[in-house]
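Novice: Below you'll find entry_8.csv; it's CSV, C-alpha atoms.
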chain,number,residue,atom,x,y,z
B,222,MET,CA,-26.7,95.4,16.8
B,223,SER,CA,-26.3,93.7,13.4
B,224,HIS,CA,-22.7,93.0,14.2
B,225,THR,CA,-23.7,91.4,17.5
B,226,VAL,CA,-26.3,89.2,15.8
B,227,ALA,CA,-23.8,88.1,13.1
B,228,MET,CA,-21.3,87.2,15.8
B,229,GLY,CA,-24.0,85.3,17.6
B,230,GLN,CA,-24.9,83.4,14.5
B,231,ALA,CA,-21.2,82.6,13.8
B,232,GLY,CA,-21.0,81.2,17.3
B,233,LEU,CA,-23.9,78.8,16.5
B,234,ILE,CA,-22.0,77.3,13.6
B,235,PRO,CA,-20.7,73.8,14.4
B,236,GLU,CA,-16.9,73.6,14.7
B,237,SER,CA,-16.8,70.7,12.3
B,238,ARG,CA,-18.4,72.9,9.7
B,239,LYS,CA,-15.9,75.6,10.2
B,240,SER,CA,-13.0,73.1,10.0
B,241,ALA,CA,-14.5,71.8,6.7
B,242,GLY,CA,-14.5,75.3,5.3
B,243,ARG,CA,-10.9,75.9,6.3
B,244,LEU,CA,-9.9,72.6,4.8
B,245,LEU,CA,-11.7,73.5,1.6
B,246,ILE,CA,-9.7,76.7,1.3
B,247,VAL,CA,-6.4,75.0,2.1
B,248,LEU,CA,-6.9,72.2,-0.5
B,249,THR,CA,-8.1,74.5,-3.3
B,250,SER,CA,-5.3,76.9,-2.6
B,251,LEU,CA,-2.7,74.1,-2.7
B,252,LEU,CA,-4.3,72.9,-6.0
B,253,LEU,CA,-4.1,76.4,-7.5
B,254,ALA,CA,-0.5,76.9,-6.3
B,255,ALA,CA,0.6,73.5,-7.6
B,256,THR,CA,-1.1,74.1,-11.0
B,257,VAL,CA,0.6,77.5,-11.5
B,258,ILE,CA,4.0,76.0,-10.5
B,259,PHE,CA,3.6,73.2,-13.0
B,260,GLN,CA,2.6,75.6,-15.7
B,261,ILE,CA,5.6,77.8,-15.0
B,262,LEU,CA,8.0,74.9,-15.0
B,263,ASP,CA,6.4,73.5,-18.2
B,264,ALA,CA,6.5,76.9,-20.0
B,265,SER,CA,10.2,77.5,-18.9
B,266,GLY,CA,11.2,74.1,-20.2
B,267,VAL,CA,12.5,72.9,-16.9
B,268,PHE,CA,10.1,70.0,-16.9
B,269,THR,CA,7.7,68.9,-19.6
B,270,PHE,CA,4.2,68.0,-18.5
B,271,GLY,CA,2.6,68.4,-22.0
B,272,LEU,CA,0.4,71.3,-21.0
B,273,PRO,CA,-0.8,73.1,-24.2
B,274,ASP,CA,-1.7,76.4,-22.6
B,275,TRP,CA,-2.6,78.2,-19.4
B,276,ARG,CA,-6.1,76.9,-19.2
B,277,PRO,CA,-5.4,74.5,-16.3
B,278,SER,CA,-4.4,77.5,-14.2
B,279,LEU,CA,-7.6,79.3,-15.2
B,280,TYR,CA,-9.7,76.3,-14.3
B,281,ALA,CA,-7.9,76.0,-11.0
B,282,TYR,CA,-8.5,79.7,-10.2
B,283,ILE,CA,-12.2,79.3,-10.9
B,284,VAL,CA,-12.4,76.3,-8.6
B,285,TRP,CA,-10.5,78.3,-5.9
B,286,ALA,CA,-12.8,81.3,-6.3
B,287,ILE,CA,-15.9,79.2,-5.9
B,288,SER,CA,-14.4,77.4,-2.9
B,289,ILE,CA,-13.7,80.8,-1.3
B,290,GLY,CA,-17.4,81.7,-1.5
B,291,ILE,CA,-18.6,78.3,-0.2
B,292,SER,CA,-16.1,78.3,2.6
B,293,GLN,CA,-17.1,81.8,3.7
B,294,VAL,CA,-20.7,80.6,4.1
B,295,MET,CA,-19.6,77.5,5.9
B,296,MET,CA,-17.4,79.3,8.4
B,297,ARG,CA,-19.3,82.5,8.9
B,298,GLY,CA,-23.0,81.8,8.2
B,299,GLU,CA,-25.0,85.0,7.6
B,300,ALA,CA,-21.9,87.1,7.6
B,301,GLY,CA,-20.5,84.8,4.9
B,302,HIS,CA,-23.5,85.5,2.7
B,303,LYS,CA,-22.9,89.2,3.0
B,304,ALA,CA,-19.2,88.7,2.1
B,305,LEU,CA,-20.3,87.1,-1.1
B,306,PHE,CA,-21.3,90.5,-2.4
B,307,LEU,CA,-17.7,91.8,-2.0
B,308,LEU,CA,-16.1,88.6,-3.3
B,309,PRO,CA,-16.6,89.2,-7.1
B,310,ALA,CA,-14.8,92.6,-6.8
B,311,LEU,CA,-12.0,91.0,-4.9
B,312,LEU,CA,-11.6,88.1,-7.3
B,313,PHE,CA,-11.7,90.5,-10.3
B,314,THR,CA,-8.9,92.5,-8.7
B,315,VAL,CA,-6.9,89.4,-8.2
B,316,ALA,CA,-7.5,88.2,-11.8
B,317,MET,CA,-7.0,91.6,-13.5
B,318,VAL,CA,-4.4,93.4,-11.4
B,319,ILE,CA,-2.5,91.1,-9.1
B,320,PHE,CA,-2.1,88.1,-11.4
B,321,PRO,CA,-0.9,90.1,-14.4
B,322,THR,CA,1.6,91.8,-12.2
B,323,VAL,CA,3.0,88.5,-10.9
B,324,PHE,CA,2.9,87.0,-14.4
B,325,GLY,CA,4.8,90.0,-15.6
B,326,PHE,CA,7.6,89.3,-13.2
B,327,TYR,CA,7.7,85.8,-14.7
B,328,ILE,CA,8.0,87.2,-18.2
B,329,ALA,CA,10.6,89.8,-17.1
B,330,PHE,CA,13.1,87.1,-16.2
B,331,SER,CA,13.0,85.5,-19.6
B,332,GLU,CA,14.3,86.2,-23.1
B,333,TRP,CA,11.3,86.5,-25.3
B,334,ASN,CA,11.6,88.2,-28.7
B,335,LEU,CA,8.5,87.9,-30.9
B,336,SER,CA,10.8,88.2,-34.0
B,337,SER,CA,12.8,85.2,-33.0
B,338,PHE,CA,11.8,81.5,-33.7
B,339,ASP,CA,13.4,80.4,-30.4
B,340,GLY,CA,10.4,81.4,-28.3
B,341,GLN,CA,10.5,82.2,-24.6
B,342,LYS,CA,13.6,81.2,-22.6
B,343,PHE,CA,14.4,81.8,-18.9
B,344,ASN,CA,17.5,84.1,-18.7
B,345,GLY,CA,17.7,84.9,-15.0
B,346,LEU,CA,18.9,88.4,-14.3
B,347,ASP,CA,20.2,89.2,-17.8
B,348,ASN,CA,17.3,91.6,-18.5
B,349,LEU,CA,17.9,93.4,-15.2
B,350,ARG,CA,21.6,93.8,-15.9
B,351,THR,CA,20.9,95.1,-19.4
B,352,LEU,CA,18.4,97.6,-18.1
B,353,TYR,CA,20.9,98.8,-15.5
B,354,ASN,CA,23.4,99.5,-18.2
B,355,ASP,CA,20.8,101.0,-20.7
B,356,SER,CA,21.5,104.7,-21.0
B,357,TYR,CA,18.2,105.3,-22.8
B,358,PHE,CA,16.3,103.9,-19.8
B,359,TRP,CA,18.1,106.2,-17.4
B,360,ASN,CA,17.6,109.1,-19.8
B,361,ALA,CA,13.9,108.4,-19.8
B,362,LEU,CA,13.9,108.4,-16.0
B,363,ARG,CA,15.7,111.8,-15.9
B,364,ASN,CA,13.1,113.2,-18.4
B,365,MET,CA,10.3,111.9,-16.1
B,366,THR,CA,11.9,113.9,-13.3
B,367,PHE,CA,11.7,117.0,-15.4
B,368,TYR,CA,8.1,116.3,-16.5
B,369,VAL,CA,6.9,115.5,-13.0
B,370,ALA,CA,8.6,118.7,-11.6
B,371,SER,CA,6.6,120.7,-14.1
B,372,VAL,CA,3.4,119.8,-12.3
B,373,LEU,CA,4.2,122.6,-9.8
B,374,LEU,CA,4.2,125.1,-12.5
B,375,GLN,CA,1.0,123.7,-13.9
B,376,TYR,CA,-0.6,123.9,-10.5
B,377,ALA,CA,0.4,127.6,-10.2
B,378,LEU,CA,-1.2,128.3,-13.6
B,379,ALA,CA,-4.3,126.3,-12.8
B,380,PHE,CA,-4.7,128.1,-9.4
B,381,GLY,CA,-4.5,131.5,-11.1
B,382,LEU,CA,-7.0,130.5,-13.8
B,383,ALA,CA,-9.3,129.0,-11.2
B,384,LEU,CA,-9.2,132.3,-9.2
B,385,LEU,CA,-10.1,134.1,-12.4
B,386,LEU,CA,-13.0,131.8,-13.2
B,387,ASN,CA,-14.2,132.1,-9.6
B,388,ALA,CA,-14.2,135.9,-9.8
B,389,ASP,CA,-17.3,137.9,-10.7
B,390,ILE,CA,-16.3,138.7,-14.3
B,391,ARG,CA,-18.3,139.1,-17.5
B,392,ALA,CA,-19.0,135.9,-19.6
B,393,ARG,CA,-17.8,133.8,-16.6
B,394,LYS,CA,-19.8,130.7,-17.8
B,395,PHE,CA,-18.4,131.0,-21.3
B,396,PHE,CA,-14.8,131.1,-20.1
B,397,ARG,CA,-15.5,128.1,-17.8
B,398,VAL,CA,-16.7,126.0,-20.7
B,399,ALA,CA,-13.8,127.3,-23.0
B,400,PHE,CA,-11.2,126.3,-20.4
B,401,LEU,CA,-12.7,122.8,-20.1
B,402,LEU,CA,-12.7,122.1,-23.8
B,403,PRO,CA,-9.2,120.7,-24.0
B,404,PHE,CA,-10.0,118.1,-21.3
B,405,MET,CA,-12.7,116.7,-23.5
B,406,LEU,CA,-10.1,115.8,-26.2
B,407,SER,CA,-7.9,112.7,-26.2
B,408,PRO,CA,-4.2,113.4,-25.8
B,409,VAL,CA,-3.7,111.4,-29.0
B,410,ALA,CA,-6.0,113.8,-30.8
B,411,VAL,CA,-4.3,116.8,-29.3
B,412,SER,CA,-0.8,115.5,-30.3
B,413,TRP,CA,-2.0,115.1,-33.9
B,414,MET,CA,-4.2,118.2,-34.2
B,415,ILE,CA,-1.7,120.6,-32.6
B,416,GLY,CA,1.7,118.8,-32.6
B,417,LYS,CA,1.5,117.3,-36.0
B,418,SER,CA,-0.6,120.0,-37.7
B,419,LEU,CA,-0.4,123.5,-36.1
B,420,MET,CA,3.2,123.1,-35.0
B,421,GLU,CA,4.5,121.4,-38.2
B,422,PHE,CA,7.7,123.3,-39.0
B,423,ARG,CA,7.0,123.7,-42.8
B,424,PHE,CA,3.3,124.5,-43.2
B,425,GLY,CA,1.9,124.8,-39.6
B,426,PRO,CA,0.3,128.1,-38.8
B,427,ILE,CA,2.2,128.3,-35.5
B,428,ALA,CA,5.5,127.8,-37.2
B,429,ALA,CA,4.5,130.4,-39.9
B,430,PHE,CA,3.7,132.9,-37.1
B,431,ALA,CA,7.1,132.1,-35.4
B,432,ARG,CA,8.8,132.9,-38.7
B,433,HIS,CA,7.0,136.1,-38.9
B,434,LEU,CA,8.4,137.0,-35.5
B,435,GLY,CA,11.9,136.3,-36.7
B,436,TRP,CA,12.5,132.6,-35.8
B,437,ASP,CA,14.3,131.3,-38.9
B,438,ASN,CA,13.8,127.6,-38.3
B,439,PRO,CA,10.8,127.1,-36.0
B,440,ALA,CA,11.3,123.3,-35.5
B,441,PHE,CA,9.5,122.6,-32.3
B,442,PHE,CA,10.4,118.9,-32.0
B,443,THR,CA,14.0,118.7,-33.3
B,444,THR,CA,16.0,120.6,-30.7
B,445,PRO,CA,16.0,118.6,-27.3
B,446,TRP,CA,15.1,121.4,-24.9
B,447,ILE,CA,12.6,123.0,-27.3
B,448,ALA,CA,11.0,119.6,-27.9
B,449,ARG,CA,10.7,118.9,-24.2
B,450,PHE,CA,8.9,122.2,-23.6
B,451,SER,CA,6.7,121.7,-26.6
B,452,ILE,CA,5.6,118.4,-25.2
B,453,LEU,CA,5.0,120.0,-21.8
B,454,ALA,CA,2.9,122.7,-23.4
B,455,LEU,CA,0.7,120.1,-25.2
B,456,ASP,CA,0.4,118.0,-22.0
B,457,ALA,CA,-0.4,121.0,-19.8
B,458,TRP,CA,-3.0,122.2,-22.3
B,459,VAL,CA,-4.8,118.9,-22.0
B,460,TRP,CA,-4.5,118.5,-18.2
B,461,LEU,CA,-4.8,122.0,-16.9
B,462,PRO,CA,-8.6,121.9,-17.1
B,463,PHE,CA,-8.6,118.8,-14.7
B,464,MET,CA,-6.6,120.8,-12.1
B,465,ILE,CA,-8.8,123.9,-12.7
B,466,ILE,CA,-11.9,121.9,-12.0
B,467,LEU,CA,-10.6,120.5,-8.7
B,468,ILE,CA,-9.3,123.9,-7.5
B,469,LEU,CA,-12.4,125.8,-8.6
B,470,ALA,CA,-14.6,123.3,-6.7
B,471,GLY,CA,-12.5,124.0,-3.6
B,472,LEU,CA,-12.7,127.7,-4.1
B,473,GLN,CA,-16.5,127.6,-4.4
B,474,ALA,CA,-16.8,125.4,-1.3
B,475,MET,CA,-14.8,127.9,0.9
B,476,PRO,CA,-16.9,129.6,3.6
B,477,LYS,CA,-17.9,133.0,2.5
B,478,ASP,CA,-18.1,134.4,6.0
B,479,ILE,CA,-14.4,134.0,6.5
B,480,GLN,CA,-13.6,136.0,3.3
B,481,GLU,CA,-16.1,138.7,4.3
B,482,ALA,CA,-14.6,138.9,7.8
B,483,ALA,CA,-11.1,139.3,6.2
B,484,LYS,CA,-12.4,142.2,4.1
B,485,VAL,CA,-13.8,143.9,7.1
B,486,ASP,CA,-10.4,143.5,8.9
B,487,GLY,CA,-8.7,145.1,5.9
B,488,ALA,CA,-7.2,142.0,4.3
B,489,ALA,CA,-7.5,142.2,0.6
B,490,GLY,CA,-5.6,141.2,-2.5
B,491,TRP,CA,-2.4,139.3,-2.0
B,492,THR,CA,-2.7,139.4,1.8
B,493,SER,CA,-6.1,137.8,1.8
B,494,PHE,CA,-5.0,135.1,-0.7
B,495,TRP,CA,-1.7,134.2,1.1
B,496,HIS,CA,-3.1,134.2,4.7
B,497,ILE,CA,-6.7,133.0,4.1
B,498,THR,CA,-7.4,131.5,0.6
B,499,PHE,CA,-4.2,129.5,0.1
B,500,PRO,CA,-4.2,127.9,3.6
B,501,LEU,CA,-7.8,126.9,3.4
B,502,MET,CA,-7.2,125.4,-0.1
B,503,LEU,CA,-4.2,123.3,1.1
B,504,PRO,CA,-6.2,120.0,1.2
B,505,VAL,CA,-7.6,120.5,-2.3
B,506,SER,CA,-4.2,121.7,-3.6
B,507,VAL,CA,-2.4,118.7,-2.2
B,508,THR,CA,-5.0,116.3,-3.7
B,509,THR,CA,-4.8,118.0,-7.1
B,510,ILE,CA,-1.0,117.9,-7.2
B,511,VAL,CA,-0.8,114.2,-6.1
B,512,LEU,CA,-3.4,113.1,-8.7
B,513,ARG,CA,-1.7,115.2,-11.4
B,514,ILE,CA,1.7,113.6,-10.6
B,515,ILE,CA,0.1,110.1,-10.9
B,516,PHE,CA,-1.3,111.0,-14.3
B,517,GLN,CA,2.0,112.6,-15.3
B,518,LEU,CA,4.0,109.4,-14.5
B,519,LYS,CA,2.0,107.7,-17.3
B,520,LEU,CA,2.8,110.3,-20.0
B,521,ALA,CA,3.4,108.5,-23.3
B,522,ASP,CA,0.8,109.2,-26.0
B,523,ILE,CA,1.8,112.8,-26.8
B,524,VAL,CA,5.5,111.8,-26.9
B,525,ILE,CA,4.9,108.8,-29.1
B,526,ASN,CA,2.8,110.7,-31.6
B,527,THR,CA,5.0,113.8,-31.9
B,528,THR,CA,8.6,112.8,-31.4
B,529,SER,CA,8.7,109.0,-30.8
B,530,GLY,CA,11.1,109.9,-28.0
B,531,GLY,CA,13.4,111.8,-30.2
B,532,PRO,CA,15.6,113.6,-31.0
B,533,GLY,CA,18.0,110.9,-29.8
B,534,GLY,CA,15.8,110.0,-26.8
B,535,ALA,CA,15.7,113.6,-25.5
B,536,THR,CA,12.0,113.6,-25.0
B,537,ASP,CA,11.5,110.0,-24.0
B,538,THR,CA,9.4,109.0,-21.1
B,539,VAL,CA,9.7,105.6,-19.4
B,540,SER,CA,6.3,104.6,-20.8
B,541,SER,CA,7.2,105.6,-24.4
B,542,PHE,CA,10.6,103.7,-24.0
B,543,ILE,CA,8.7,100.6,-22.9
B,544,PHE,CA,6.2,101.0,-25.8
B,545,ARG,CA,9.1,101.1,-28.4
B,546,GLU,CA,10.6,98.0,-26.8
B,547,TYR,CA,7.4,96.2,-27.5
B,548,ARG,CA,6.4,97.7,-30.8
B,549,ASP,CA,9.7,98.3,-32.6
B,550,ARG,CA,11.9,95.6,-31.2
B,551,SER,CA,9.3,93.0,-30.2
B,552,ASN,CA,11.3,92.5,-27.1
B,553,VAL,CA,8.6,91.3,-24.7
B,554,GLY,CA,11.0,90.0,-21.9
B,555,TYR,CA,13.1,93.1,-21.7
B,556,GLY,CA,10.2,95.5,-22.1
B,557,THR,CA,8.3,93.7,-19.3
B,558,MET,CA,11.4,94.0,-17.1
B,559,ALA,CA,11.5,97.7,-17.7
B,560,ALA,CA,7.8,98.0,-16.9
B,561,GLU,CA,8.1,96.0,-13.7
B,562,VAL,CA,11.1,98.1,-12.5
B,563,TYR,CA,9.2,101.3,-13.3
B,564,LEU,CA,6.2,100.0,-11.4
B,565,ILE,CA,8.4,99.4,-8.3
B,566,ILE,CA,9.9,102.9,-8.7
B,567,ILE,CA,6.4,104.5,-8.9
B,568,ILE,CA,5.2,102.5,-5.9
B,569,ILE,CA,8.2,103.7,-3.8
B,570,PHE,CA,7.9,107.3,-5.0
B,571,ILE,CA,4.1,107.5,-4.4
B,572,THR,CA,4.4,105.9,-1.0
B,573,ILE,CA,7.1,108.4,0.1
B,574,LEU,CA,5.1,111.3,-1.5
B,575,LEU,CA,1.9,110.3,0.3
B,576,ASN,CA,3.8,109.9,3.6
B,577,LEU,CA,5.3,113.3,3.3
B,578,VAL,CA,2.0,114.8,2.3
B,579,GLY,CA,0.3,113.2,5.4
B,580,ARG,CA,2.9,114.6,7.7
B,581,PHE,CA,2.6,118.0,6.2
B,582,MET,CA,-1.2,118.0,6.5
B,583,ARG,CA,-1.0,116.8,10.1
B,584,ARG,CA,1.5,119.5,11.0
B,585,GLU,CA,-0.7,122.2,9.3
B,586,ALA,CA,-3.8,120.9,11.1
B,587,ALA,CA,-2.0,121.1,14.5
B,588,GLN,CA,-0.9,124.7,14.0
Could you quickly redo this structure as structure tokens?

Specialist:
Amino acid sequence: MSHTVAMGQAGLIPESRKSAGRLLIVLTSLLLAATVIFQILDASGVFTFGLPDWRPSLYAYIVWAISIGISQVMMRGEAGHKALFLLPALLFTVAMVIFPTVFGFYIAFSEWNLSSFDGQKFNGLDNLRTLYNDSYFWNALRNMTFYVASVLLQYALAFGLALLLNADIRARKFFRVAFLLPFMLSPVAVSWMIGKSLMEFRFGPIAAFARHLGWDNPAFFTTPWIARFSILALDAWVWLPFMIILILAGLQAMPKDIQEAAKVDGAAGWTSFWHITFPLMLPVSVTTIVLRIIFQLKLADIVINTTSGGPGGATDTVSSFIFREYRDRSNVGYGTMAAEVYLIIIIIFITILLNLVGRFMRREAAQ
């Protein structure tokens, strides 16, 4: 009904008013585009317009944002007033997500080292060629494959612990709180508290216990494979509670009558889990794994604080690699190129993953 009224009101708006609204959008959009182009040309040194900073683009964006709101009211009437409530969120997304991404591409194709007095210079595809031949970047990508693959093992552990916490055991509430404690800590705090203190190879209690068991040199972060598994252990300790919460919520939401009917039919233990619990938990499981993979792709803080990517880049993630390009080498242009390429890889990977997950869920629902 309201949609019909809104359509009727839109039909009562004079065509000249609608045309004026469209013209306002076109003119302010051209103004914004021209201002940004002039700013880019001026910053790149192609032409000199004497623009001191990027304020003209900011002012042009503000004018464009205001004109969008005015034009919506002019063209759509009452529906345009309703659209104004959504417009701030849209404009904020454009300003804080889309624009920084586009601006990052501009920086990525430039040579910009903060330790140099030359400033920013356009260098075309040089950063991309350097990145293609950078063995440390490809090593970080291989490490990310290893870290992301470990999510399946984390999921299996989380599912087992969730089943335990869902069972009727003594001190169940205490164990639920205890398992959730790591999730309340920052990964940075965990990396220092455990990685730098408890696992310190000279005086750490975990290292001392390892010596007591016969490990002569319990250096958790100096041997490549041991360092990778140590980082995975720290990362899993932080994020397992997140997976446990989601799976436990799914287990508690399962229909009790189905499980009781299975017990009456003689299905118990592993048979009940594999043929009833696990299939019913597939939607929750898929959501948990996908969300955990997304978080895993951002793994950096634990690596930076424990190994700084060492030994020899063996534990590096792409995020920690990019961080060092900014912090240690002050290489803004090259670091931004690595970040933009990694963003494209993540978008492609997540898109394919979600597509495969959607097909899998549709096939399971059809059976």

Novice: Counting all atoms listed in the file, figure out which residue out of B:Phe400, B:Trp436, B:Phe324, B:Phe450 gets nearest to Ser371 (chain B).

Specialist: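 Nearest candidate to Ser371 (chain B) out of B:Phe400, B:Trp436, B:Phe324, B:Phe450: B:Phe450.
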
Novice: What would the list of residues within 10 Å of (2.8, 90.4, -17.5) (file frame) look like as number ranges by chain, if all atoms listed in the file are what count?

Specialist: B: 318-329, 553-554, 557-558, 560-561

Novice: Near Leu253 (chain B), within 8 Å and counting only C-alpha atoms, which residues show up once chain neighbours fewer than 3 positions away are dropped, as a PyMOL selection string?

Specialist: chain B and resi 249-250+256-257+278+281-282+285

Novice: For a test of reading the model, state the distance in Å between CA of Ser540 (chain B) and CA of Val562 (chain B), rounded to one decimal.

Specialist: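 Separation between CA of Ser540 (chain B) and CA of Val562 (chain B): 11.6 Å.
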
Novice: Counting only C-alpha atoms, note down every residue that has an atom within 10 Å of the point (-14.8, 71.2, -0.5) (file coordinates), as a PyMOL selection string.

Specialist: chain B and resi 241-249+284-285+287-289+291-292

Novice: Export, as a CSV table (one decimal), in the frame of the given file, the selected residues with C-alpha atoms.

Specialist:
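And here is the file that came out, part.csv:
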chain,number,residue,atom,x,y,z
B,241,ALA,CA,-14.5,71.8,6.7
B,242,GLY,CA,-14.5,75.3,5.3
B,243,ARG,CA,-10.9,75.9,6.3
B,244,LEU,CA,-9.9,72.6,4.8
B,245,LEU,CA,-11.7,73.5,1.6
B,246,ILE,CA,-9.7,76.7,1.3
B,247,VAL,CA,-6.4,75.0,2.1
B,248,LEU,CA,-6.9,72.2,-0.5
B,249,THR,CA,-8.1,74.5,-3.3
B,284,VAL,CA,-12.4,76.3,-8.6
B,285,TRP,CA,-10.5,78.3,-5.9
B,287,ILE,CA,-15.9,79.2,-5.9
B,288,SER,CA,-14.4,77.4,-2.9
B,289,ILE,CA,-13.7,80.8,-1.3
B,291,ILE,CA,-18.6,78.3,-0.2
B,292,SER,CA,-16.1,78.3,2.6

Novice: Please identify every residue of region 353-401 of chain B that has at least one atom no farther than 12 Å from an atom of region 522-530 of chain B, counting only C-alpha atoms, and for each give the shortest atom pair and the distance in Å to one decimal, arranged by chain then increasing number, as CSV.

Specialist:
residue,atom,partner,partner_atom,distance
B:Tyr357,CA,B:Gly530,CA,9.9
B:Phe358,CA,B:Gly530,CA,11.4
B:Asn360,CA,B:Gly530,CA,10.5
B:Ala361,CA,B:Gly530,CA,8.8
B:Asn364,CA,B:Gly530,CA,10.3
B:Met365,CA,B:Val524,CA,11.8
B:Tyr368,CA,B:Val524,CA,11.6

Novice: CA of Arg449 (chain B) and CA of Phe367 (chain B), how far apart in Å?

Specialist: 9.1 Å

Novice: Please provide the set of residues having any atom within 12 Å of Ile567 (chain B), restricted to all atoms listed in the file, with same-chain residues fewer than 3 positions apart removed, written as a list of chain:residue names.

Specialist: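 Surrounding residues, per the criterion: B:Leu362, B:Met365, B:Thr366, B:Val369, B:Ile514, B:Ile515, B:Phe516, B:Gln517, B:Leu518, B:Lys519, B:Val539, B:Ser540, B:Ala560, B:Glu561, B:Val562, B:Tyr563, B:Leu564, B:Phe570, B:Ile571, B:Thr572, B:Ile573, B:Leu574, B:Leu575.
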
Novice: Expressed in Å to a single decimal, how great is the separation between CA of Ser412 (chain B) and CA of Ala454 (chain B)?

Specialist: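 Computing it gives 10.6 Å between the two atoms.
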
Novice: Neighbours of Ile466 (chain B) within 12 Å (all atoms listed in the file; same-chain residues fewer than 5 positions away dropped), as a list in words?

Specialist: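 After dropping sequence-adjacent residues, the list is Tyr376, Ala379, Phe380, Leu382, Ala383, Leu384, Leu386, Asn387, Arg397, Val398, Phe400, Leu401, Leu402, Phe404, Trp460, Leu461, Gly471, Leu472, Gln473, Val505, Ser506 and Thr509 of chain B.
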
Novice: Find, counting all atoms listed in the file, the residue in B:Ile565, B:Val511, B:Ala392, B:Pro500 that gets nearest to Leu577 (chain B).

Specialist: B:Val511

Novice: Would you mind listing what lies within 10 Å of Pro532 (chain B) as a PyMOL selection string, with all atoms listed in the file counted and same-chain residues fewer than 6 positions away left out?

Specialist: chain B and resi 442-446+448-449

Novice: Out of B:Phe306, B:Phe313, B:Arg580, B:Tyr555, which residue has the shortest atom-to-atom distance to Gly345 (chain B) when counting only C-alpha atoms?

Specialist: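 Nearest to Gly345 (chain B): B:Tyr555.
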
Novice: Rank nothing, just name the residue among B:Gly579, B:Gly556, B:Gly340, B:Pro403 nearest to Phe544 (chain B), using all atoms listed in the file.

Specialist: B:Gly556
